[in-house]
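Pasting protein-v2.cif here (mmCIF, C-alpha atoms):
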data_upload
#
loop_
_atom_site.label_atom_id
_atom_site.label_comp_id
_atom_site.auth_asym_id
_atom_site.auth_seq_id
_atom_site.Cartn_x
_atom_site.Cartn_y
_atom_site.Cartn_z
CA MET A 1 -25.60 34.13 9.57
CA SER A 2 -23.89 37.26 8.30
CA LYS A 3 -20.25 38.12 9.04
CA LYS A 4 -18.91 41.66 9.18
CA ILE A 5 -15.64 42.70 7.53
CA VAL A 6 -14.01 46.06 8.26
CA TYR A 7 -11.72 47.53 5.57
CA LEU A 8 -9.03 49.94 6.81
CA MET A 9 -7.85 52.70 4.45
CA GLU A 10 -5.76 55.87 4.67
CA TYR A 11 -7.32 57.45 1.56
CA PRO A 12 -11.00 58.33 0.97
CA ILE A 13 -12.65 55.50 -0.93
CA ASP A 14 -14.03 57.99 -3.46
CA LEU A 15 -10.56 59.34 -4.35
CA PRO A 16 -9.59 58.00 -7.82
CA GLY A 17 -6.96 55.28 -7.53
CA GLY A 18 -6.42 51.55 -8.01
CA GLY A 19 -6.55 50.61 -4.32
CA GLN A 20 -9.68 52.61 -3.62
CA MET A 21 -11.44 51.40 -6.76
CA SER A 22 -10.61 47.74 -6.12
CA THR A 23 -11.84 47.99 -2.51
CA LYS A 24 -15.04 49.73 -3.59
CA THR A 25 -15.69 47.14 -6.30
CA LEU A 26 -15.00 44.30 -3.87
CA CYS A 27 -17.43 45.71 -1.29
CA GLU A 28 -20.12 46.11 -3.95
CA GLY A 29 -19.48 42.59 -5.19
CA LEU A 30 -20.01 41.09 -1.71
CA GLU A 31 -23.64 42.19 -1.82
CA GLY A 32 -25.81 39.10 -1.57
CA SER A 33 -23.10 37.05 0.16
CA GLU A 34 -22.88 36.32 3.88
CA TYR A 35 -20.21 39.02 4.26
CA VAL A 36 -21.18 42.59 5.22
CA PRO A 37 -18.48 45.17 4.37
CA VAL A 38 -17.78 48.35 6.35
CA VAL A 39 -15.12 50.78 5.09
CA ILE A 40 -13.15 52.95 7.54
CA CYS A 41 -11.46 55.80 5.67
CA PRO A 42 -10.78 59.59 5.79
CA LYS A 43 -13.64 61.97 5.05
CA LEU A 44 -15.05 61.50 1.57
CA LEU A 45 -14.31 64.04 -1.16
CA ALA A 46 -18.04 64.23 -1.90
CA PRO A 47 -19.87 63.60 1.39
CA LYS A 48 -22.59 61.32 0.04
CA LYS A 49 -22.53 58.14 2.06
CA ASP A 50 -25.83 57.08 0.54
CA ALA A 51 -24.03 56.83 -2.82
CA PHE A 52 -22.49 53.57 -1.58
CA SER A 53 -24.26 50.24 -1.19
CA PHE A 54 -22.15 49.55 1.92
CA LYS A 55 -21.45 51.41 5.15
CA VAL A 56 -18.64 54.00 5.28
CA ASP A 57 -17.20 55.23 8.61
CA GLU A 58 -15.23 58.44 8.11
CA TYR A 59 -12.45 59.91 10.26
CA PRO A 60 -10.70 63.34 10.12
CA SER A 61 -7.45 63.60 8.16
CA PHE A 62 -5.29 66.06 6.29
CA GLU A 63 -4.54 65.19 2.66
CA ASN A 64 -2.34 62.10 2.82
CA ARG A 65 0.25 63.52 0.43
CA GLU A 66 1.08 66.44 2.77
CA ASP A 67 4.78 67.34 2.73
CA GLY A 68 4.78 68.81 6.24
CA LYS A 69 6.10 66.41 8.89
CA VAL A 70 3.80 67.84 11.57
CA LYS A 71 0.68 67.16 9.49
CA ARG A 72 1.86 63.63 8.72
CA ILE A 73 2.35 62.96 12.43
CA ILE A 74 -1.11 64.38 13.19
CA ASN A 75 -2.58 62.12 10.49
CA PHE A 76 -0.92 59.09 12.08
CA ILE A 77 -2.23 59.93 15.54
CA ARG A 78 -5.71 60.55 14.19
CA ARG A 79 -5.67 57.18 12.44
CA LEU A 80 -4.56 55.41 15.62
CA PHE A 81 -7.48 56.70 17.67
CA SER A 82 -9.99 56.52 14.81
CA PHE A 83 -9.11 52.94 13.88
CA TYR A 84 -9.38 51.79 17.48
CA GLY A 85 -12.65 53.57 18.21
CA LEU A 86 -14.37 52.61 14.97
CA ILE A 87 -13.23 48.97 15.03
CA VAL A 88 -14.48 48.57 18.60
CA LYS A 89 -17.78 50.20 17.58
CA GLU A 90 -18.26 47.94 14.55
CA ASP A 91 -17.04 44.76 16.32
CA PRO A 92 -16.20 42.90 13.07
CA ASP A 93 -15.55 39.20 12.53
CA LEU A 94 -12.59 40.02 10.26
CA ILE A 95 -10.39 43.03 9.49
CA HIS A 96 -9.09 43.52 5.95
CA VAL A 97 -6.31 46.11 5.83
CA SER A 98 -6.33 47.58 2.33
CA MET A 99 -3.32 49.92 2.35
CA SER A 100 0.26 50.00 3.63
CA GLU A 101 0.02 53.05 5.93
CA SER A 102 -3.13 51.57 7.42
CA LEU A 103 -1.22 48.34 8.11
CA ILE A 104 1.52 50.23 9.94
CA THR A 105 -1.06 52.17 11.95
CA TYR A 106 -3.03 49.04 12.80
CA GLY A 107 0.18 47.32 13.92
CA PHE A 108 0.50 49.79 16.80
CA ILE A 109 -2.95 48.97 18.21
CA ARG A 110 -3.45 45.34 17.16
CA GLY A 111 -2.18 43.99 20.47
CA LEU A 112 -4.80 45.82 22.52
CA LYS A 113 -7.26 43.52 24.29
CA LYS A 114 -10.38 44.41 22.30
CA LEU A 115 -8.61 43.97 18.93
CA LYS A 116 -6.22 41.08 19.50
CA ARG A 117 -8.91 38.42 19.13
CA ILE A 118 -10.01 39.65 15.65
CA PRO A 119 -8.21 37.94 12.72
CA PHE A 120 -6.88 40.25 9.99
CA ILE A 121 -5.57 40.00 6.46
CA TYR A 122 -3.64 42.54 4.37
CA THR A 123 -3.64 43.31 0.65
CA ASP A 124 -0.33 44.65 -0.65
CA ARG A 125 -0.96 46.68 -3.80
CA GLY A 126 2.59 47.99 -4.01
CA LEU A 127 5.84 46.12 -4.55
CA CYS A 128 7.94 44.72 -1.72
CA TYR A 129 11.07 46.65 -2.76
CA GLY A 130 9.17 49.94 -3.16
CA TYR A 131 8.78 50.70 0.55
CA ARG A 132 11.14 52.77 2.68
CA ALA A 133 13.23 50.80 5.17
CA HIS A 134 11.37 52.03 8.26
CA SER A 135 7.95 51.39 6.67
CA LYS A 136 8.93 47.88 5.66
CA PHE A 137 10.22 47.17 9.18
CA PHE A 138 6.85 48.01 10.75
CA MET A 139 4.93 46.21 7.99
CA LYS A 140 6.87 42.99 8.53
CA ARG A 141 6.45 43.25 12.29
CA THR A 142 2.67 43.53 11.91
CA LEU A 143 2.39 40.86 9.20
CA LYS A 144 3.78 38.23 11.58
CA HIS A 145 0.35 38.26 13.22
CA ALA A 146 -1.74 38.27 10.02
CA SER A 147 -3.99 35.34 9.10
CA ALA A 148 -3.18 35.85 5.41
CA MET A 149 -1.61 38.28 2.97
CA ILE A 150 -2.81 39.06 -0.55
CA CYS A 151 -0.55 40.19 -3.40
CA THR A 152 -1.94 41.34 -6.74
CA THR A 153 0.76 39.57 -8.80
CA ASP A 154 2.92 36.46 -8.55
CA TYR A 155 5.89 38.77 -9.03
CA ASN A 156 5.19 40.66 -5.80
CA ARG A 157 4.44 37.43 -3.95
CA SER A 158 7.86 36.07 -4.93
CA LEU A 159 9.47 39.24 -3.52
CA TRP A 160 7.64 38.95 -0.19
CA GLU A 161 8.37 35.23 0.11
CA LYS A 162 12.08 36.08 0.22
CA GLU A 163 11.33 37.97 3.44
CA ALA A 164 10.40 34.62 5.05
CA LEU A 165 7.28 35.94 6.78
CA PRO A 166 5.27 33.38 8.78
CA VAL A 167 2.09 34.13 6.84
CA LYS A 168 0.44 32.44 3.85
CA ILE A 169 0.45 34.64 0.74
CA ARG A 170 -2.26 34.43 -1.90
CA VAL A 171 -2.39 36.10 -5.30
CA ILE A 172 -5.65 37.87 -6.17
CA PRO A 173 -5.27 40.40 -9.01
CA ASN A 174 -6.87 43.82 -8.73
CA THR A 175 -10.17 44.21 -10.50
CA ILE A 176 -11.86 47.12 -12.22
CA SER A 177 -15.21 48.84 -11.86
CA SER A 178 -18.37 46.90 -12.67
CA VAL A 179 -19.13 49.47 -15.40
CA PHE A 180 -16.51 47.67 -17.52
CA GLY A 181 -18.37 44.38 -17.13
CA SER A 182 -20.10 44.05 -20.49
CA TYR A 183 -18.53 44.67 -23.90
CA GLU A 184 -20.87 46.15 -26.53
CA GLU A 185 -19.72 45.33 -30.06
CA ASP A 186 -21.57 48.22 -31.77
CA LYS A 187 -20.42 50.86 -29.31
CA ARG A 188 -16.89 51.17 -30.71
CA ALA A 189 -18.09 52.41 -34.12
CA ILE A 190 -20.64 54.77 -32.57
CA LEU A 191 -18.21 56.38 -30.11
CA ARG A 192 -15.41 56.70 -32.67
CA LYS A 193 -17.79 58.42 -35.09
CA GLU A 194 -18.82 60.88 -32.35
CA GLN A 195 -15.15 61.84 -31.94
CA GLY A 196 -14.64 62.33 -35.68
CA ILE A 197 -12.57 59.15 -36.07
CA LYS A 198 -12.85 57.64 -39.56
CA ASP A 199 -12.94 53.90 -40.25
CA ASP A 200 -9.37 53.90 -41.57
CA ASP A 201 -7.94 56.16 -38.82
CA PHE A 202 -5.38 54.54 -36.52
CA VAL A 203 -5.72 55.77 -32.93
CA ILE A 204 -3.28 55.30 -30.06
CA GLY A 205 -4.37 55.95 -26.48
CA PHE A 206 -2.75 57.18 -23.29
CA ALA A 207 -4.55 57.59 -19.95
CA GLY A 208 -3.72 58.06 -16.29
CA ARG A 209 -3.26 60.50 -13.45
CA ILE A 210 -0.44 62.99 -13.15
CA SER A 211 2.24 61.21 -11.14
CA GLU A 212 5.96 60.54 -11.35
CA GLU A 213 5.37 56.81 -11.85
CA LYS A 214 3.43 57.35 -15.11
CA ASP A 215 6.44 59.10 -16.73
CA TRP A 216 4.40 61.47 -18.89
CA ASP A 217 7.62 63.00 -20.26
CA LEU A 218 8.06 59.83 -22.32
CA VAL A 219 4.71 60.20 -24.11
CA PRO A 220 5.73 62.97 -26.57
CA VAL A 221 8.94 61.00 -27.23
CA LEU A 222 6.92 57.90 -28.16
CA VAL A 223 4.58 59.94 -30.36
CA LYS A 224 7.49 61.53 -32.21
CA ARG A 225 9.24 58.19 -32.67
CA LEU A 226 6.15 56.61 -34.26
CA TRP A 227 5.64 59.60 -36.55
CA GLU A 228 9.27 59.38 -37.72
CA GLU A 229 8.66 55.70 -38.54
CA GLY A 230 5.98 56.74 -41.03
CA ILE A 231 2.97 55.78 -38.89
CA ARG A 232 0.07 58.22 -39.22
CA PHE A 233 -2.33 58.30 -36.31
CA LYS A 234 -4.51 60.24 -33.89
CA VAL A 235 -4.01 60.33 -30.12
CA ALA A 236 -6.83 59.81 -27.61
CA LEU A 237 -5.55 61.21 -24.32
CA VAL A 238 -7.21 61.17 -20.87
CA ILE A 239 -5.56 62.69 -17.80
CA SER A 240 -6.78 62.94 -14.21
CA VAL A 241 -5.74 66.17 -12.47
CA TYR A 242 -5.79 66.45 -8.66
CA GLU A 243 -3.82 69.63 -8.01
CA LYS A 244 -3.55 73.03 -9.72
CA LYS A 245 0.15 72.53 -10.42
CA ASP A 246 -0.77 69.46 -12.50
CA LEU A 247 -2.40 71.72 -15.10
CA GLU A 248 1.01 73.03 -16.22
CA THR A 249 2.19 69.46 -16.67
CA VAL A 250 -0.87 68.74 -18.81
CA LYS A 251 -0.09 71.75 -21.02
CA GLY A 252 3.42 70.41 -21.60
CA ILE A 253 2.18 66.93 -22.50
CA LYS A 254 -0.40 68.27 -24.96
CA LYS A 255 2.12 70.61 -26.59
CA GLY A 256 4.66 67.81 -26.96
CA ILE A 257 2.04 65.72 -28.76
CA THR A 258 0.52 68.43 -30.97
CA ASP A 259 3.98 69.64 -32.05
CA VAL A 260 4.15 66.29 -33.85
CA ILE A 261 0.60 65.42 -34.97
CA THR A 262 -1.17 68.86 -34.89
CA GLU A 263 -4.07 69.82 -32.63
CA ASP A 264 -6.71 68.38 -34.98
CA SER A 265 -5.35 64.89 -34.39
CA LEU A 266 -5.49 65.08 -30.58
CA ILE A 267 -8.63 63.98 -28.75
CA TYR A 268 -8.23 65.23 -25.17
CA MET A 269 -10.44 64.51 -22.15
CA GLN A 270 -9.90 65.23 -18.46
CA ASP A 271 -11.13 63.90 -15.10
CA LEU A 272 -13.57 61.35 -16.52
CA SER A 273 -15.92 59.28 -14.40
CA GLN A 274 -15.58 55.50 -14.47
CA GLU A 275 -18.58 55.32 -16.82
CA LYS A 276 -16.92 57.74 -19.25
CA MET A 277 -13.59 55.90 -18.95
CA SER A 278 -15.30 52.66 -19.91
CA ASP A 279 -16.44 54.44 -23.10
CA TYR A 280 -13.02 55.97 -23.72
CA TYR A 281 -11.29 52.60 -24.16
CA TYR A 282 -13.46 51.87 -27.21
CA LEU A 283 -11.67 54.67 -29.07
CA PRO A 284 -8.00 53.54 -29.37
CA ASP A 285 -6.74 50.83 -31.70
CA VAL A 286 -3.82 50.40 -29.29
CA PHE A 287 -3.46 51.56 -25.68
CA ILE A 288 0.10 52.49 -24.64
CA MET A 289 1.55 52.57 -21.13
CA SER A 290 4.70 54.60 -20.45
CA SER A 291 5.02 53.86 -16.71
CA SER A 292 8.38 53.74 -14.97
CA PHE A 293 6.80 51.90 -12.01
CA GLU A 294 3.58 49.92 -11.67
CA SER A 295 2.74 47.40 -8.99
CA PHE A 296 -0.18 46.15 -11.09
CA GLY A 297 -1.54 48.35 -13.89
CA LYS A 298 -5.31 48.79 -13.63
CA ALA A 299 -5.48 50.88 -16.81
CA ALA A 300 -4.13 47.94 -18.82
CA VAL A 301 -6.96 45.72 -17.58
CA GLU A 302 -9.54 48.41 -18.33
CA ALA A 303 -8.26 48.59 -21.92
CA MET A 304 -8.35 44.78 -22.26
CA SER A 305 -12.02 44.74 -21.24
CA ARG A 306 -12.76 46.85 -24.34
CA LYS A 307 -10.86 44.57 -26.74
CA CYS A 308 -8.04 47.10 -26.95
CA PRO A 309 -4.50 45.73 -27.40
CA VAL A 310 -1.99 47.02 -24.84
CA VAL A 311 1.66 47.90 -25.48
CA SER A 312 3.53 48.60 -22.27
CA THR A 313 6.82 49.18 -20.55
CA SER A 314 8.13 46.00 -18.94
CA VAL A 315 8.13 47.18 -15.33
CA GLY A 316 6.94 45.80 -11.99
CA GLY A 317 3.68 43.86 -12.14
CA LEU A 318 2.82 45.11 -15.65
CA THR A 319 4.87 42.37 -17.29
CA GLU A 320 2.67 39.76 -15.64
CA VAL A 321 -0.59 41.60 -16.30
CA ILE A 322 0.16 42.05 -20.03
CA GLY A 323 1.29 38.45 -20.45
CA LYS A 324 2.62 38.90 -23.99
CA GLU A 325 6.33 39.42 -24.55
CA GLU A 326 5.90 40.97 -28.02
CA ASN A 327 3.88 43.83 -26.51
CA LEU A 328 6.45 44.82 -23.89
CA TYR A 329 9.29 47.30 -24.34
CA THR A 330 11.95 49.13 -22.32
CA LYS A 331 12.80 52.82 -22.41
CA ASP A 332 16.47 52.13 -23.05
CA ASP A 333 15.67 50.73 -26.50
CA LEU A 334 12.46 51.86 -28.21
CA THR A 335 13.03 49.68 -31.28
CA LYS A 336 10.80 46.94 -29.91
CA PHE A 337 8.10 49.51 -29.20
CA THR A 338 8.04 50.88 -32.74
CA GLU A 339 8.19 47.39 -34.28
CA CYS A 340 5.19 46.28 -32.23
CA ILE A 341 3.09 49.31 -33.20
CA LYS A 342 4.10 48.96 -36.87
CA ARG A 343 3.02 45.30 -36.81
CA LEU A 344 -0.44 46.28 -35.61
CA TYR A 345 -0.63 49.36 -37.87
CA ASN A 346 0.31 47.57 -41.08
CA ASP A 347 -1.62 44.32 -40.55
CA ARG A 348 -5.25 44.59 -39.46
CA LYS A 349 -5.47 40.80 -39.05
CA GLU A 350 -2.69 41.00 -36.45
CA LEU A 351 -4.56 43.84 -34.78
CA GLU A 352 -7.71 41.70 -34.56
CA LYS A 353 -5.69 38.81 -33.11
CA ASP A 354 -4.36 41.11 -30.42
CA ARG A 355 -7.85 42.41 -29.71
CA ASP A 356 -9.09 38.86 -29.15
CA PHE A 357 -6.02 37.86 -27.09
CA PHE A 358 -6.35 40.70 -24.60
CA TYR A 359 -10.10 40.42 -24.26
CA GLU A 360 -9.82 36.71 -23.45
CA ARG A 361 -7.01 37.47 -21.01
CA TYR A 362 -9.30 39.90 -19.23
CA ARG A 363 -12.17 37.41 -19.08
CA ASP A 364 -9.96 34.60 -17.79
CA ASN A 365 -8.11 36.55 -15.10
CA PHE A 366 -9.49 39.95 -14.16
CA THR A 367 -13.30 39.94 -14.11
CA LEU A 368 -15.25 40.99 -11.04
CA ASP A 369 -16.70 37.49 -10.67
CA VAL A 370 -13.23 35.91 -10.43
CA HIS A 371 -12.11 38.62 -7.98
CA ILE A 372 -15.07 38.18 -5.61
CA LYS A 373 -14.94 34.37 -5.60
CA ARG A 374 -11.25 34.36 -4.68
CA HIS A 375 -11.81 36.77 -1.80
CA ILE A 376 -14.78 34.87 -0.41
CA ARG A 377 -12.80 31.63 -0.56
CA LEU A 378 -10.00 33.24 1.45
CA TYR A 379 -12.41 34.81 3.97
CA ASP A 380 -14.03 31.41 4.49
CA GLU A 381 -10.66 29.77 5.14
CA VAL A 382 -9.56 32.43 7.64
CA LEU A 383 -12.81 32.38 9.61
CA LYS A 384 -12.92 28.59 9.86
#

In structure tokens, how does this file's structure come out?
Amino acid sequence: MSKKIVYLMEYPIDLPGGGQMSTKTLCEGLEGSEYVPVVICPKLLAPKKDAFSFKVDEYPSFENREDGKVKRIINFIRRLFSFYGLIVKEDPDLIHVSMSESLITYGFIRGLKKLKRIPFIYTDRGLCYGYRAHSKFFMKRTLKHASAMICTTDYNRSLWEKEALPVKIRVIPNTISSVFGSYEEDKRAILRKEQGIKDDDFVIGFAGRISEEKDWDLVPVLVKRLWEEGIRFKVALVISVYEKKDLETVKGIKKGITDVITEDSLIYMQDLSQEKMSDYYYLPDVFIMSSSFESFGKAAVEAMSRKCPVVSTSVGGLTEVIGKEENLYTKDDLTKFTECIKRLYNDRKELEKDRDFFYERYRDNFTLDVHIKRHIRLYDEVLK
């Protein structure tokens, strides 16, 4: 007998982002199980519901990043009525709240008669200390009634456990799109050749969306520092742009890089699909993360799936995801960063060891199969 799960979201599921992608991948992965997913989210960016293998219920909403207080209040009210009406219509066996604003919204209606009997769980993809005081107050108040809570890292679970919430907390890491599932050994050489990368070229990669957390200002600094250390390399850069003002930021990043390595040594791509991103990670010899804040670090896992070593700032959940102290650095002292890159640049055997280490780490911890099995196990426990 099938069981229906409703996923509550405050962003469209087709908007690029870790939370949306993990929810989409989870829903796709449940196909063939006894669980039937239904996503409740704002109107899709591309209104093609038939593009999904699961049902999507849309509700009206302004862009969630609106600065205007009036629009934010209207969004909240819309979510309240939409969540209630759509949940009652779907009549699920379980509610899975996938985002923090959705949890706060759901907390205001959870006690209503038609909803109170439905068990719910919540996935926290942020970090406990990253929420504003009033948001955290409402989150904690709602979580007292949850059947379970999921954190994507042990680090975040340890933070929430200090809050002494009367709810069991499980760790289930985020996963990545199914297009990253299989690694093709020959593809690396083919794709690098298409981009004009020679066999002896050393390529470093950066990728992500324009956001304060990614600290793009640090990227030209890192590039310059490596060049001054005598390392000669190309840069493979991918940026996702959501707003027109982001284009000026992109210009600054590209200029900062090409001022050091020249335009011929920069491979730039923008707004790639997941399929194209899965190809991109074959290009770099090393993928570098410059983030000032990351609750998890999906890009790091994507790189691992393509046997690409990752060198990252030691922040938030990234430390746990990377799992290798030698490949972590801090912005206060970039010596460790340059030493790590030099080790991989000067010794190809070390580079191969890192390639194998990160690929095995991906296979052991972050595959879709592991992700789905852990969720189904938790759903089974809650519904018993």

TODO: Tell me which residues the PyMOL selection byres ((chain A and resi 283-291) around 7) grabs here, as a ChimeraX atom specification.
DONE: /A:188,191-192,202-206,213-215,218-219,236,280-282,292-294,303,308-313

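For the pair atom CA of Thr142 of chain A and atom CA of Ala164 of chain A, the interatomic distance is 13.6 Å.
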
Open item on the list: Need the shell around Phe337 of chain A: protein/DNA/RNA residues with any atom at most 10 Å away, counting all atoms listed in the file. Skip same-chain ones fewer than 5 positions apart. Format as a list in words?
Closed with: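 Residues meeting the cut-off are Leu222, Arg225, Leu226, Ile288, Val311, Ser312, Thr313, Glu326, Asn327, Leu328, Tyr329, Thr330, Lys331 and Lys342 of chain A.
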
Closest-contact table, segment 100-149 of chain A side, partner segment 75-85 of chain A, 12 Å, counting only C-alpha atoms, as CSV:
residue,atom,partner,partner_atom,distance
A:Glu101,CA,A:Phe76,CA,8.7
A:Ser102,CA,A:Arg79,CA,7.9
A:Leu103,CA,A:Arg79,CA,10.8
A:Ile104,CA,A:Phe76,CA,9.4
A:Thr105,CA,A:Leu80,CA,6.0
A:Tyr106,CA,A:Leu80,CA,7.1
A:Gly107,CA,A:Leu80,CA,9.5
A:Phe108,CA,A:Leu80,CA,7.7
A:Ile109,CA,A:Tyr84,CA,7.1
A:Arg110,CA,A:Tyr84,CA,8.8
A:Gly111,CA,A:Tyr84,CA,11.0
A:Leu112,CA,A:Tyr84,CA,9.1
A:Lys113,CA,A:Tyr84,CA,10.9
A:Lys114,CA,A:Tyr84,CA,8.9
A:Leu115,CA,A:Tyr84,CA,8.0
A:Lys116,CA,A:Tyr84,CA,11.3

TODO: Excluding Leu318 of chain A and any residue of its chain fewer than 2 positions from it, enumerate the residues within 7 Å of it, using all atoms listed in the file, and give them as a count of residues only.
DONE: 9

TODO: List every protein, DNA or RNA residue that has an atom no more than 12 Å from (-15.6, 37.5, -26.2) in the file's coordinate frame, counting only C-alpha atoms, and report them as a PyMOL selection string.
DONE: chain A and resi 181-185+304-307+355-364
